[in-house]
file data_6.txt (compact mmCIF, C-alpha atoms and all ligand atoms)
# COMPACT_ATOMS: atom_id res chain seq x y z
CA MET A 1251 89.69 -160.96 -43.40
CA ALA A 1252 90.71 -164.35 -42.04
CA LYS A 1253 94.41 -165.11 -42.27
CA THR A 1254 95.82 -168.25 -43.85
CA ALA A 1255 98.61 -170.33 -42.31
CA LEU A 1256 100.65 -173.21 -43.68
CA ILE A 1257 102.03 -175.70 -41.15
CA THR A 1258 104.72 -178.23 -42.01
CA GLY A 1259 104.77 -181.20 -39.62
CA ILE A 1260 100.97 -181.25 -39.27
CA THR A 1261 100.98 -184.90 -38.11
CA GLY A 1262 103.39 -184.16 -35.23
CA GLN A 1263 102.75 -183.10 -31.65
CA ASP A 1264 103.17 -179.36 -32.22
CA GLY A 1265 101.32 -179.47 -35.54
CA TYR A 1266 98.28 -180.82 -33.68
CA HIS A 1267 98.28 -178.11 -30.99
CA LEU A 1268 99.12 -175.27 -33.38
CA ALA A 1269 96.43 -176.22 -35.90
CA GLN A 1270 93.87 -176.19 -33.07
CA LEU A 1271 95.04 -172.80 -31.83
CA LEU A 1272 95.04 -171.18 -35.28
CA HIS A 1273 91.62 -172.64 -36.10
CA GLU A 1274 90.25 -171.20 -32.84
CA LYS A 1275 91.68 -167.84 -33.89
CA GLY A 1276 89.78 -168.02 -37.18
CA TYR A 1277 92.66 -168.92 -39.49
CA LYS A 1278 92.30 -171.01 -42.61
CA VAL A 1279 94.84 -173.78 -41.95
CA TYR A 1280 96.83 -175.80 -44.50
CA GLY A 1281 99.01 -178.68 -43.37
CA ILE A 1282 101.84 -180.35 -45.24
CA MET A 1283 101.92 -184.12 -45.03
CA ARG A 1284 104.60 -186.32 -46.53
CA ALA A 1285 104.44 -189.75 -48.12
CA GLN A 1286 101.89 -191.86 -49.82
CA GLN A 1287 99.56 -193.50 -47.32
CA ASN A 1288 100.90 -191.70 -44.27
CA PRO A 1289 99.41 -193.74 -41.40
CA ARG A 1290 98.80 -190.53 -39.45
CA ARG A 1291 96.66 -188.99 -42.21
CA LYS A 1292 93.53 -190.52 -40.68
CA ASN A 1293 94.27 -188.85 -37.31
CA VAL A 1294 94.51 -185.43 -38.94
CA GLU A 1295 91.36 -186.02 -40.99
CA THR A 1296 89.33 -187.02 -37.94
CA GLU A 1297 90.82 -184.82 -35.21
CA LEU A 1298 91.59 -181.71 -37.26
CA PRO A 1299 88.87 -181.86 -39.97
CA TYR A 1300 89.29 -178.17 -40.81
CA VAL A 1301 92.90 -178.64 -41.93
CA ASN A 1302 93.44 -178.60 -45.69
CA ILE A 1303 96.02 -181.29 -46.36
CA ILE A 1304 98.73 -180.75 -48.96
CA GLU A 1305 100.99 -183.65 -49.89
CA ALA A 1306 104.58 -182.41 -49.91
CA ASP A 1307 107.97 -183.29 -48.50
CA LEU A 1308 110.47 -180.95 -46.88
CA SER A 1309 113.24 -182.51 -48.93
CA ASP A 1310 111.41 -181.85 -52.25
CA LEU A 1311 111.60 -178.16 -53.18
CA SER A 1312 109.12 -178.42 -56.06
CA SER A 1313 106.46 -179.88 -53.77
CA LEU A 1314 106.96 -176.97 -51.36
CA VAL A 1315 106.65 -174.37 -54.12
CA ARG A 1316 103.38 -176.01 -55.16
CA ALA A 1317 102.23 -175.99 -51.53
CA MET A 1318 102.90 -172.25 -51.32
CA GLU A 1319 101.03 -171.64 -54.58
CA THR A 1320 98.04 -173.66 -53.36
CA ALA A 1321 97.79 -172.23 -49.84
CA LYS A 1322 98.94 -168.64 -50.48
CA PRO A 1323 99.57 -168.24 -46.74
CA GLN A 1324 100.45 -165.10 -44.79
CA GLU A 1325 102.18 -167.23 -42.14
CA VAL A 1326 104.32 -170.38 -42.51
CA TYR A 1327 105.18 -172.44 -39.42
CA ASN A 1328 108.05 -174.81 -40.22
CA LEU A 1329 107.62 -177.61 -37.68
CA ALA A 1330 108.56 -180.59 -39.86
CA ALA A 1331 111.81 -182.36 -39.00
CA ILE A 1332 113.44 -185.62 -38.16
CA SER A 1333 113.06 -184.67 -34.50
CA HIS A 1334 114.28 -187.68 -32.51
CA VAL A 1335 117.84 -187.19 -31.27
CA GLY A 1336 118.63 -190.91 -30.91
CA TYR A 1337 117.33 -191.63 -34.43
CA SER A 1338 119.51 -188.83 -35.81
CA PHE A 1339 122.67 -190.67 -34.70
CA LYS A 1340 121.55 -193.69 -36.74
CA ASN A 1341 120.36 -191.63 -39.74
CA PRO A 1342 122.61 -188.55 -39.79
CA ILE A 1343 122.44 -187.87 -43.54
CA LEU A 1344 118.66 -188.05 -43.73
CA THR A 1345 118.56 -185.79 -40.66
CA ALA A 1346 120.83 -183.24 -42.36
CA ASP A 1347 118.68 -183.34 -45.51
CA VAL A 1348 115.34 -182.89 -43.76
CA THR A 1349 116.02 -181.08 -40.48
CA GLY A 1350 118.79 -178.88 -41.92
CA LYS A 1351 118.45 -178.43 -45.67
CA GLY A 1352 114.66 -178.75 -45.45
CA VAL A 1353 114.58 -175.31 -43.82
CA LEU A 1354 116.43 -173.87 -46.81
CA ASN A 1355 113.97 -175.59 -49.17
CA MET A 1356 111.01 -174.02 -47.36
CA LEU A 1357 112.59 -170.55 -47.38
CA GLU A 1358 113.41 -170.87 -51.09
CA ALA A 1359 109.86 -172.04 -51.80
CA ILE A 1360 108.59 -168.84 -50.19
CA ARG A 1361 110.92 -166.71 -52.32
CA LEU A 1362 110.24 -168.60 -55.56
CA SER A 1363 106.50 -168.26 -55.07
CA GLY A 1364 106.81 -164.50 -54.57
CA GLY A 1365 106.25 -164.43 -50.80
CA GLU A 1366 109.55 -162.87 -49.78
CA LYS A 1367 108.03 -159.56 -48.69
CA THR A 1368 104.63 -160.76 -47.50
CA VAL A 1369 105.01 -164.12 -45.76
CA ARG A 1370 105.95 -164.43 -42.08
CA PHE A 1371 108.05 -167.51 -41.29
CA TYR A 1372 108.46 -169.37 -38.00
CA GLN A 1373 111.44 -171.74 -37.65
CA ALA A 1374 111.30 -174.46 -34.98
CA SER A 1375 114.75 -174.07 -33.45
CA THR A 1376 115.71 -176.02 -30.36
CA SER A 1377 117.51 -176.02 -27.02
CA GLU A 1378 119.49 -179.00 -28.38
CA MET A 1379 121.63 -176.38 -30.16
CA TYR A 1380 123.16 -175.39 -26.77
CA GLY A 1381 124.40 -178.90 -25.95
CA GLY A 1382 124.23 -178.66 -22.15
CA LEU A 1383 127.95 -179.13 -21.47
CA GLU A 1384 129.21 -177.95 -18.09
CA TYR A 1385 131.51 -175.25 -19.52
CA ASN A 1386 128.57 -173.74 -21.42
CA ARG A 1387 125.79 -173.46 -18.85
CA PRO A 1388 124.75 -169.93 -17.86
CA LYS A 1389 123.72 -169.83 -14.18
CA ASN A 1390 120.17 -168.62 -14.86
CA GLY A 1391 119.66 -170.67 -18.00
CA TYR A 1392 120.29 -170.31 -21.72
CA THR A 1393 119.17 -167.11 -23.43
CA GLU A 1394 118.95 -166.00 -27.06
CA GLU A 1395 122.57 -164.79 -26.70
CA SER A 1396 124.09 -168.02 -25.34
CA LYS A 1397 126.77 -169.97 -27.18
CA PHE A 1398 125.75 -173.00 -29.26
CA HIS A 1399 127.53 -176.37 -29.03
CA PRO A 1400 125.24 -179.06 -30.49
CA ARG A 1401 125.88 -182.68 -29.44
CA SER A 1402 124.02 -184.73 -32.06
CA PRO A 1403 123.43 -184.84 -35.83
CA TYR A 1404 119.97 -183.49 -34.99
CA GLY A 1405 121.40 -180.55 -33.03
CA VAL A 1406 123.89 -179.76 -35.79
CA ALA A 1407 121.18 -179.91 -38.49
CA LYS A 1408 118.93 -177.66 -36.40
CA LEU A 1409 121.77 -175.18 -35.99
CA TYR A 1410 122.10 -175.00 -39.80
CA GLY A 1411 118.35 -174.40 -40.00
CA HIS A 1412 118.60 -171.68 -37.36
CA TRP A 1413 121.42 -169.86 -39.12
CA ILE A 1414 120.02 -170.16 -42.65
CA ALA A 1415 116.72 -168.76 -41.35
CA THR A 1416 118.63 -165.91 -39.67
CA ASN A 1417 120.57 -165.35 -42.91
CA TYR A 1418 117.36 -165.01 -44.95
CA ARG A 1419 116.09 -162.44 -42.44
CA GLU A 1420 119.32 -160.46 -42.75
CA SER A 1421 119.91 -160.93 -46.50
CA TYR A 1422 116.42 -160.51 -47.92
CA GLY A 1423 114.61 -158.66 -45.13
CA MET A 1424 112.20 -161.57 -44.74
CA PHE A 1425 110.01 -161.75 -41.64
CA VAL A 1426 111.72 -164.80 -40.11
CA SER A 1427 111.48 -165.58 -36.39
CA CYS A 1428 113.14 -168.53 -34.68
CA GLY A 1429 111.66 -170.00 -31.52
CA ILE A 1430 114.40 -171.68 -29.49
CA LEU A 1431 112.11 -174.07 -27.68
CA PHE A 1432 113.05 -176.24 -24.73
CA ASN A 1433 111.45 -179.67 -24.39
CA HIS A 1434 107.68 -179.55 -24.48
CA GLU A 1435 105.57 -182.61 -23.95
CA GLY A 1436 101.96 -183.70 -23.51
CA GLU A 1437 99.29 -186.16 -24.52
CA ARG A 1438 100.34 -185.87 -28.17
CA ARG A 1439 104.04 -186.56 -27.63
CA GLY A 1440 105.34 -189.46 -29.72
CA LEU A 1441 105.81 -192.72 -27.79
CA GLU A 1442 109.51 -192.72 -28.73
CA PHE A 1443 110.27 -189.72 -26.47
CA VAL A 1444 111.15 -190.42 -22.86
CA THR A 1445 108.28 -188.62 -21.11
CA ARG A 1446 105.54 -190.26 -23.14
CA LYS A 1447 107.34 -193.61 -23.07
CA ILE A 1448 107.18 -193.37 -19.27
CA SER A 1449 103.61 -192.07 -18.94
CA ASN A 1450 102.34 -194.77 -21.30
CA ALA A 1451 104.30 -197.56 -19.59
CA VAL A 1452 103.12 -196.41 -16.17
CA ALA A 1453 99.51 -196.57 -17.35
CA ARG A 1454 100.04 -200.04 -18.82
CA ILE A 1455 101.72 -201.24 -15.61
CA LYS A 1456 98.75 -200.01 -13.60
CA LEU A 1457 96.37 -201.87 -15.94
CA GLY A 1458 98.44 -205.08 -15.84
CA LYS A 1459 99.38 -204.87 -19.54
CA GLN A 1460 103.13 -204.52 -18.95
CA ASP A 1461 105.38 -205.23 -15.96
CA HIS A 1462 108.41 -202.98 -16.51
CA ILE A 1463 109.92 -200.29 -18.71
CA VAL A 1464 113.34 -200.27 -20.41
CA LEU A 1465 115.14 -196.92 -20.57
CA GLY A 1466 118.59 -195.44 -21.19
CA ASP A 1467 120.32 -192.89 -18.95
CA LEU A 1468 118.19 -191.57 -16.10
CA TRP A 1469 120.31 -188.65 -14.83
CA PRO A 1470 119.99 -186.16 -17.74
CA LYS A 1471 117.92 -183.10 -16.89
CA ARG A 1472 115.52 -181.22 -19.11
CA ASP A 1473 113.47 -178.04 -18.94
CA TRP A 1474 110.10 -179.69 -19.58
CA GLY A 1475 106.96 -177.68 -20.41
CA TYR A 1476 103.53 -178.40 -21.92
CA ALA A 1477 103.25 -178.29 -25.73
CA GLY A 1478 99.85 -176.54 -25.65
CA ASP A 1479 101.47 -173.55 -23.93
CA TYR A 1480 104.37 -173.38 -26.40
CA VAL A 1481 102.35 -173.11 -29.63
CA GLU A 1482 100.82 -169.90 -28.23
CA GLY A 1483 104.38 -168.52 -28.06
CA MET A 1484 105.03 -169.52 -31.70
CA TRP A 1485 101.95 -167.62 -32.84
CA ARG A 1486 102.84 -164.56 -30.76
CA MET A 1487 106.29 -164.43 -32.40
CA LEU A 1488 104.68 -163.93 -35.81
CA GLN A 1489 102.34 -161.18 -34.55
CA GLN A 1490 105.18 -158.81 -33.56
CA ASP A 1491 106.16 -155.66 -35.48
CA LYS A 1492 109.55 -157.13 -36.30
CA PRO A 1493 111.05 -160.61 -36.53
CA ASP A 1494 113.34 -161.86 -33.78
CA ASP A 1495 114.48 -164.96 -31.86
CA PHE A 1496 112.91 -166.07 -28.59
CA VAL A 1497 113.60 -168.76 -25.99
CA LEU A 1498 110.48 -170.54 -24.71
CA ALA A 1499 111.15 -172.49 -21.51
CA THR A 1500 109.88 -172.95 -17.97
CA GLY A 1501 113.06 -171.87 -16.15
CA GLU A 1502 113.14 -175.18 -14.22
CA THR A 1503 115.09 -178.34 -14.87
CA HIS A 1504 114.25 -181.90 -13.75
CA SER A 1505 115.87 -185.29 -14.20
CA ILE A 1506 114.28 -188.35 -15.78
CA GLU A 1507 114.37 -189.89 -12.29
CA GLU A 1508 112.16 -187.03 -11.04
CA PHE A 1509 109.75 -187.64 -13.93
CA LEU A 1510 109.64 -191.34 -13.02
CA THR A 1511 108.99 -190.54 -9.35
CA LEU A 1512 105.99 -188.31 -10.10
CA ALA A 1513 104.61 -190.60 -12.80
CA PHE A 1514 104.69 -193.73 -10.61
CA LYS A 1515 103.16 -191.76 -7.70
CA GLU A 1516 100.15 -191.13 -9.94
CA ILE A 1517 99.44 -194.88 -9.84
CA GLY A 1518 100.21 -195.22 -6.13
CA ILE A 1519 103.79 -196.60 -6.43
CA ASP A 1520 106.44 -194.84 -4.32
CA ASP A 1521 109.48 -196.88 -5.37
CA TRP A 1522 109.77 -197.10 -9.18
CA LYS A 1523 113.15 -198.86 -9.20
CA PRO A 1524 111.80 -202.46 -9.41
CA TYR A 1525 109.85 -201.48 -12.53
CA VAL A 1526 112.69 -199.83 -14.48
CA LYS A 1527 115.46 -201.60 -16.40
CA GLN A 1528 118.22 -199.92 -18.34
CA ASP A 1529 119.61 -200.87 -21.76
CA PRO A 1530 122.56 -199.25 -23.56
CA ALA A 1531 120.46 -199.42 -26.75
CA PHE A 1532 118.65 -196.33 -25.45
CA MET A 1533 121.85 -194.44 -24.58
CA ARG A 1534 123.39 -191.95 -27.00
CA PRO A 1535 126.99 -191.65 -28.27
CA ALA A 1536 127.01 -188.11 -26.84
CA GLU A 1537 124.50 -186.96 -24.24
CA VAL A 1538 123.08 -183.52 -23.45
CA ASP A 1539 123.46 -183.51 -19.67
CA LEU A 1540 121.37 -180.57 -18.55
CA LEU A 1541 119.09 -178.05 -20.24
CA LEU A 1542 117.67 -175.01 -18.51
CA GLY A 1543 116.13 -172.08 -20.37
CA ASP A 1544 115.64 -168.45 -19.41
CA PRO A 1545 112.37 -167.24 -20.98
CA THR A 1546 112.70 -163.62 -19.73
CA LYS A 1547 112.71 -162.07 -23.22
CA ALA A 1548 109.61 -163.98 -24.35
CA GLU A 1549 107.82 -163.05 -21.12
CA LYS A 1550 108.65 -159.34 -21.53
CA VAL A 1551 108.26 -158.88 -25.29
CA LEU A 1552 105.62 -161.47 -26.17
CA GLY A 1553 103.76 -161.49 -22.85
CA TRP A 1554 104.13 -165.28 -22.98
CA LYS A 1555 104.30 -167.50 -19.89
CA ARG A 1556 103.91 -171.22 -19.48
CA LYS A 1557 100.77 -172.23 -17.58
CA VAL A 1558 101.32 -175.94 -16.86
CA ASP A 1559 104.02 -176.73 -14.28
CA PHE A 1560 106.13 -179.90 -14.04
CA PRO A 1561 103.87 -181.90 -11.66
CA GLY A 1562 100.84 -180.77 -13.69
CA LEU A 1563 102.48 -181.99 -16.90
CA VAL A 1564 103.26 -185.44 -15.51
CA LYS A 1565 99.74 -185.80 -14.11
CA LYS A 1566 98.13 -184.74 -17.41
CA MET A 1567 100.18 -187.28 -19.36
CA VAL A 1568 99.61 -190.23 -17.02
CA GLU A 1569 95.87 -189.49 -16.75
CA TYR A 1570 95.60 -189.34 -20.55
CA ASP A 1571 97.45 -192.64 -20.99
CA LEU A 1572 95.39 -194.36 -18.31
CA GLU A 1573 92.25 -193.43 -20.21
CA LEU A 1574 93.76 -194.34 -23.59
CA GLU A 1575 95.05 -197.71 -22.42
CA SER A 1576 91.78 -198.54 -20.62
CA ASP A 1577 89.94 -197.98 -23.92
CA GLN A 1578 92.39 -200.08 -25.94
CA LYS A 1579 91.90 -203.35 -24.11
CA THR A 1580 93.55 -205.50 -26.79
CA SER A 1581 96.63 -203.41 -27.65
P1 LIG A 1601 107.27 -184.49 -34.11
O1 LIG A 1601 106.07 -184.85 -33.31
O2 LIG A 1601 108.37 -185.47 -34.24
O3 LIG A 1601 106.77 -184.09 -35.58
C1 LIG A 1601 107.65 -183.98 -36.65
C2 LIG A 1601 106.86 -183.77 -37.92
O4 LIG A 1601 107.75 -183.64 -39.03
C3 LIG A 1601 105.88 -184.89 -38.26
O5 LIG A 1601 104.66 -184.34 -38.66
C4 LIG A 1601 106.54 -185.59 -39.46
O6 LIG A 1601 105.61 -186.16 -40.33
C5 LIG A 1601 107.19 -184.38 -40.12
N1 LIG A 1601 108.23 -184.74 -41.08
C6 LIG A 1601 109.33 -185.51 -40.87
N2 LIG A 1601 110.04 -185.61 -42.01
C7 LIG A 1601 109.38 -184.88 -42.95
C8 LIG A 1601 109.62 -184.60 -44.33
N3 LIG A 1601 110.67 -185.09 -44.97
N4 LIG A 1601 108.73 -183.81 -44.98
C9 LIG A 1601 107.65 -183.31 -44.36
N5 LIG A 1601 107.36 -183.56 -43.05
C10 LIG A 1601 108.23 -184.35 -42.37
O7 LIG A 1601 107.91 -183.13 -33.58
P2 LIG A 1601 107.28 -182.03 -32.59
O8 LIG A 1601 107.56 -182.44 -31.18
O9 LIG A 1601 105.90 -181.73 -33.01
O10 LIG A 1601 108.24 -180.80 -32.89
C11 LIG A 1601 107.94 -179.86 -33.90
C12 LIG A 1601 109.23 -179.17 -34.34
O11 LIG A 1601 109.81 -178.50 -33.23
C13 LIG A 1601 110.33 -180.11 -34.86
O12 LIG A 1601 111.02 -179.42 -35.88
C14 LIG A 1601 111.23 -180.32 -33.66
O13 LIG A 1601 112.54 -180.64 -34.08
C15 LIG A 1601 111.15 -178.96 -33.00
N6 LIG A 1601 111.34 -178.91 -31.55
C16 LIG A 1601 110.60 -179.75 -30.75
C17 LIG A 1601 110.74 -179.67 -29.38
C18 LIG A 1601 109.93 -180.54 -28.46
O14 LIG A 1601 110.30 -180.64 -27.29
N7 LIG A 1601 108.83 -181.13 -28.94
C19 LIG A 1601 111.64 -178.74 -28.83
C20 LIG A 1601 112.36 -177.92 -29.68
C21 LIG A 1601 112.19 -177.99 -31.05
P3 LIG A 1601 105.39 -187.74 -40.60
O15 LIG A 1601 104.00 -188.02 -40.16
O16 LIG A 1601 105.54 -187.87 -42.06
O17 LIG A 1601 106.43 -188.49 -39.83
O1 LIG A 1602 112.71 -187.51 -24.80
P1 LIG A 1602 114.01 -187.41 -25.49
O2 LIG A 1602 114.24 -188.31 -26.65
O3 LIG A 1602 114.17 -185.88 -25.89
P2 LIG A 1602 115.46 -184.98 -26.24
O4 LIG A 1602 116.60 -185.81 -26.67
O5 LIG A 1602 115.68 -184.05 -25.11
O6 LIG A 1602 114.94 -184.18 -27.52
C1 LIG A 1602 113.65 -183.58 -27.55
O7 LIG A 1602 113.75 -182.26 -27.07
C2 LIG A 1602 114.54 -181.38 -27.88
C3 LIG A 1602 114.54 -180.00 -27.20
O8 LIG A 1602 115.56 -179.94 -26.26
C4 LIG A 1602 113.92 -181.32 -29.26
F1 LIG A 1602 114.62 -180.45 -30.04
C5 LIG A 1602 113.92 -182.71 -29.88
O9 LIG A 1602 113.29 -182.65 -31.16
C6 LIG A 1602 113.12 -183.64 -28.98
O10 LIG A 1602 111.79 -183.23 -29.00
O11 LIG A 1602 115.21 -187.66 -24.45
C7 LIG A 1602 115.30 -186.92 -23.26
C8 LIG A 1602 116.37 -187.54 -22.38
C9 LIG A 1602 117.71 -187.77 -23.10
O12 LIG A 1602 118.73 -187.42 -22.21
C10 LIG A 1602 117.74 -189.27 -23.37
O13 LIG A 1602 119.05 -189.82 -23.46
O14 LIG A 1602 115.93 -188.84 -21.98
C11 LIG A 1602 117.01 -189.75 -22.14
N1 LIG A 1602 116.44 -191.10 -22.25
C12 LIG A 1602 116.65 -192.12 -21.35
N2 LIG A 1602 116.01 -193.22 -21.75
C13 LIG A 1602 115.66 -191.56 -23.23
C14 LIG A 1602 115.38 -192.90 -22.91
N3 LIG A 1602 115.16 -190.96 -24.33
C15 LIG A 1602 114.35 -191.69 -25.15
N4 LIG A 1602 113.82 -191.10 -26.23
N5 LIG A 1602 114.06 -193.01 -24.88
C16 LIG A 1602 114.55 -193.67 -23.78
O15 LIG A 1602 114.28 -194.85 -23.57
call {"tool": "encode", "arguments": {"input": "data_6.txt", "output": "C-alpha cells"}}
result
Amino acid sequence: MAKTALITGITGQDGYHLAQLLHEKGYKVYGIMRAQQNPRRKNVETELPYVNIIEADLSDLSSLVRAMETAKPQEVYNLAAISHVGYSFKNPILTADVTGKGVLNMLEAIRLSGGEKTVRFYQASTSEMYGGLEYNRPKNGYTEESKFHPRSPYGVAKLYGHWIATNYRESYGMFVSCGILFNHEGERRGLEFVTRKISNAVARIKLGKQDHIVLGDLWPKRDWGYAGDYVEGMWRMLQQDKPDDFVLATGETHSIEEFLTLAFKEIGIDDWKPYVKQDPAFMRPAEVDLLLGDPTKAEKVLGWKRKVDFPGLVKKMVEYDLELESDQKTS
C-alpha cells in the first residue's frame, strides 16, 4: 500500500525537491503551509499539483495536531524553519519560537495524535550547529560526533531542535532521525541566500538588467552540495531499521570568492571584482568561518553519495537563472 508523508516547509527549497522525490516513489504527499494568502501557495499548486495542502503553523500546536489527524502519515519530514542566519540575528525570538520550539510542537502533535509508536520523524538539523571556529574544526570535517558551538540565534535554535528530537527518541522510543545537513543549493534556493543571490545577479548582469552585486564577507567557506541530492538522503534515513543521526555533505569546502569566480566564468567574465561591492549590512555579528562535513557514515550506512559537484552546481544555477531572467523581460 502507498505510504503517506507529511512535509512541513513545503514552499521552501527542500520541500519542493522532497515532494517531487516522494511523489515519484508513489507516496501520498501532504504539505503544511502557513499563513493566509501565502504568496508561494500558487507555486505549490502549479508545480506540485499532487501535494495536499494543509494550512498550519509550526508555532501553533493545535494546527499541527489537526494536520496529523488529517494526513495520518507514516513519515513526517520537519523542514519548516526560519532558515536565514542573517534574519535570525534581527528576529531572534521568532527564530527561537519557530526553528527551536516548533520542533517540540511537531513532536508533541505526533504524540497527541497517537503516532508515537508508528510515525517516523525526520528533523532538519544543520551544520550551523558546529559553528566553524578554528579550535573546533576536525581535520577531515565534522562528523556526527563532533562538538557543537553555534554562532547565531538560528544555530542555537536548531541545536535545541536537534536535542529535543534526540530526547524524544531516547525518552519515548520514537523513530526520530536527524539529518545534519551542510549547505545545499540549487535552482530553488531562495534569492536571499548567497549562492542564488550570485547566480541570479550574474544572469542579470549578462542580460544587461543589473550592473553589479552587493555582498557581505567573501572569505567564509562552505561545504556546498545540490539540494536534489540531499533530499534522497533524508528519505533514506527514514527507511532504516533504526533511527539515527547522519551528516550529509560533499567533503569539500569553497569560499564565496570561488563561487563568484566560477559563476562569472559562466558568462565569460574572468575578473569579477569590478562587478562586486561590499556592504556591512550583509555582514553578521558573528560569522561561521569554515564548514566542512565528513559524510562517511551516510555513505556507508545509507549508501548515499552526492552526485553534483561544486562546478556542476554553479553551472546549473547560473544556467537556470539565465533562462529565468531571459523569460522575465520586465522584472
Ligand atoms: P527554506 O527554503 O527557507 O524553507 C523554509 C520553509 O519553512 C518555508 O516553506 C517556510 O514557509 C516554512 N516556514 C517558516 N516559518 C514557518 C512557520 N512558522 N510555520 C510553518 N512553516 C514555516 O529552507 P530550506 O533550504 O528548504 O531548508 C529546509 C530545512 O532544512 C530548514 O529547516 C533549514 O533550516 C534546514 N537546513 C537547510 C540547509 C540548506 O543548506 N538549505 C542546510 C541545513 C539545514 P513560508 O512560505 O511560509 O515562508
Ligand atoms: O547563503 P548564506 O546565507 O547561508 P548560511 O549562512 O551558510 O546558512 C545556510 O546554510 C546552513 C547550513 O550550514 C543552513 F542551516 C541555513 O538554513 C542556510 O540554508 O550565507 C553563506 C555565507 C555566510 O558566510 C554569509 O555571511 O555567505 C556570506 N555572505 C556574504 N554576502 C552572504 C552575503 N550571505 C547572504 N545570505 N547574503 C549576502 O549578501
call {"tool": "closest_residue", "arguments": {"input": "data_6.txt", "among": "A:Glu1442, A:Glu1437, A:Asp1467, A:Asp1479", "to": "Gln1528 of chain A", "atoms": "only C-alpha atoms"}}
result
A:Asp1467
call {"tool": "closest_residue", "arguments": {"input": "data_6.txt", "among": "A:Lys1322, A:Arg1361, A:Arg1439, A:Lys1523", "to": "ligand LIG 1601 (chain A)", "atoms": "all atoms listed in the file"}}
result
A:Arg1439
call {"tool": "residues_around", "arguments": {"input": "data_6.txt", "residues": "segment 1294-1297 of chain A", "least_positions_apart": "2", "cutoff": "10 Å", "atoms": "only C-alpha atoms", "output": "list of chain:residue names"}}
result
A:Ile1260, A:Thr1261, A:Gly1262, A:Gly1265, A:Tyr1266, A:Ala1269, A:Gln1270, A:Gly1281, A:Met1283, A:Pro1289, A:Arg1290, A:Arg1291, A:Lys1292, A:Pro1299, A:Tyr1300, A:Val1301, A:Asn1302, A:Ile1303
call {"tool": "atom_distance", "arguments": {"input": "data_6.txt", "atom1": "atom O1 of ligand LIG 1601 (chain A)", "atom2": "atom CA of Asp1264 of chain A"}}
result
6.3 Å
call {"tool": "residues_near_ligand", "arguments": {"input": "data_6.txt", "ligand": "ligand LIG 1601 (chain A)", "cutoff": "6 Å", "atoms": "only C-alpha atoms and all ligand atoms", "output": "mmCIF file with C-alpha atoms, in the frame of the given file"}}
result
data_model
loop_
_atom_site.group_PDB
_atom_site.id
_atom_site.type_symbol
_atom_site.label_atom_id
_atom_site.label_comp_id
_atom_site.auth_asym_id
_atom_site.auth_seq_id
_atom_site.Cartn_x
_atom_site.Cartn_y
_atom_site.Cartn_z
ATOM 1 C CA GLY A 1259 104.770 -181.200 -39.620
ATOM 2 C CA ILE A 1260 100.970 -181.250 -39.270
ATOM 3 C CA THR A 1261 100.980 -184.900 -38.110
ATOM 4 C CA GLY A 1262 103.390 -184.160 -35.230
ATOM 5 C CA GLN A 1263 102.750 -183.100 -31.650
ATOM 6 C CA ASP A 1264 103.170 -179.360 -32.220
ATOM 7 C CA GLY A 1265 101.320 -179.470 -35.540
ATOM 8 C CA MET A 1283 101.920 -184.120 -45.030
ATOM 9 C CA ARG A 1284 104.600 -186.320 -46.530
ATOM 10 C CA ARG A 1290 98.800 -190.530 -39.450
ATOM 11 C CA ASP A 1307 107.970 -183.290 -48.500
ATOM 12 C CA LEU A 1308 110.470 -180.950 -46.880
ATOM 13 C CA SER A 1309 113.240 -182.510 -48.930
ATOM 14 C CA LEU A 1329 107.620 -177.610 -37.680
ATOM 15 C CA ALA A 1330 108.560 -180.590 -39.860
ATOM 16 C CA ALA A 1331 111.810 -182.360 -39.000
ATOM 17 C CA ILE A 1332 113.440 -185.620 -38.160
ATOM 18 C CA SER A 1333 113.060 -184.670 -34.500
ATOM 19 C CA VAL A 1348 115.340 -182.890 -43.760
ATOM 20 C CA ALA A 1374 111.300 -174.460 -34.980
ATOM 21 C CA SER A 1375 114.750 -174.070 -33.450
ATOM 22 C CA THR A 1376 115.710 -176.020 -30.360
ATOM 23 C CA LEU A 1431 112.110 -174.070 -27.680
ATOM 24 C CA PHE A 1432 113.050 -176.240 -24.730
ATOM 25 C CA ASN A 1433 111.450 -179.670 -24.390
ATOM 26 C CA HIS A 1434 107.680 -179.550 -24.480
ATOM 27 C CA GLY A 1440 105.340 -189.460 -29.720
#
call {"tool": "axis_aligned_box", "arguments": {"input": "data_6.txt", "around": "ligand LIG 1602 (chain A)", "padding_each_side": "6 Å", "output": "JSON"}}
result
{"center_x": 115.4, "center_y": -187.4, "center_z": -26.3, "size_x": 19.3, "size_y": 26.9, "size_z": 21.8}
call {"tool": "closest_residue", "arguments": {"input": "data_6.txt", "among": "A:Ser1421, A:Asn1293, A:Gln1460, A:Ser1396", "to": "Asp1544 of chain A", "atoms": "all atoms listed in the file"}}
result
A:Ser1396
call {"tool": "closest_residue", "arguments": {"input": "data_6.txt", "among": "A:Leu1572, A:Glu1274, A:Thr1393, A:Tyr1404", "to": "Leu1344 of chain A", "atoms": "all atoms listed in the file"}}
result
A:Tyr1404
call {"tool": "atom_distance", "arguments": {"input": "data_6.txt", "atom1": "atom CA of Glu1435 of chain A", "atom2": "atom CA of Leu1465 of chain A"}}
result
17.5 Å
call {"tool": "closest_residue", "arguments": {"input": "data_6.txt", "among": "A:Val1353, A:Leu1268, A:Ile1430, A:Val1481", "to": "ligand LIG 1602 (chain A)", "atoms": "only C-alpha atoms and all ligand atoms"}}
result
A:Ile1430
call {"tool": "residues_near_point", "arguments": {"input": "data_6.txt", "point": "(114.9, -158.7, -35.6)", "cutoff": "10 Å", "atoms": "all atoms listed in the file", "output": "list in words"}}
result
Thr1416, Arg1419, Glu1420, Gly1423, Met1424, Phe1425, Val1426, Ser1427, Gln1490, Asp1491, Lys1492, Pro1493, Asp1494 and Asp1495 of chain A
call {"tool": "atom_distance", "arguments": {"input": "data_6.txt", "atom1": "atom CA of Gly1405 of chain A", "atom2": "atom CA of Tyr1385 of chain A"}}
result
17.7 Å
call {"tool": "closest_residue", "arguments": {"input": "data_6.txt", "among": "A:Gln1489, A:Ser1505, A:Gln1286, A:Ser1312", "to": "ligand LIG 1602 (chain A)", "atoms": "only C-alpha atoms and all ligand atoms"}}
result
A:Ser1505
call {"tool": "residues_around", "arguments": {"input": "data_6.txt", "residues": "segment 1445-1452 of chain A", "least_positions_apart": "3", "cutoff": "9 Å", "atoms": "only C-alpha atoms", "output": "PyMOL selection string"}}
result
chain A and resi 1435-1442+1455-1457+1459-1463+1465+1506+1509-1510+1513-1514+1516-1517+1564-1565+1567-1572+1574-1575
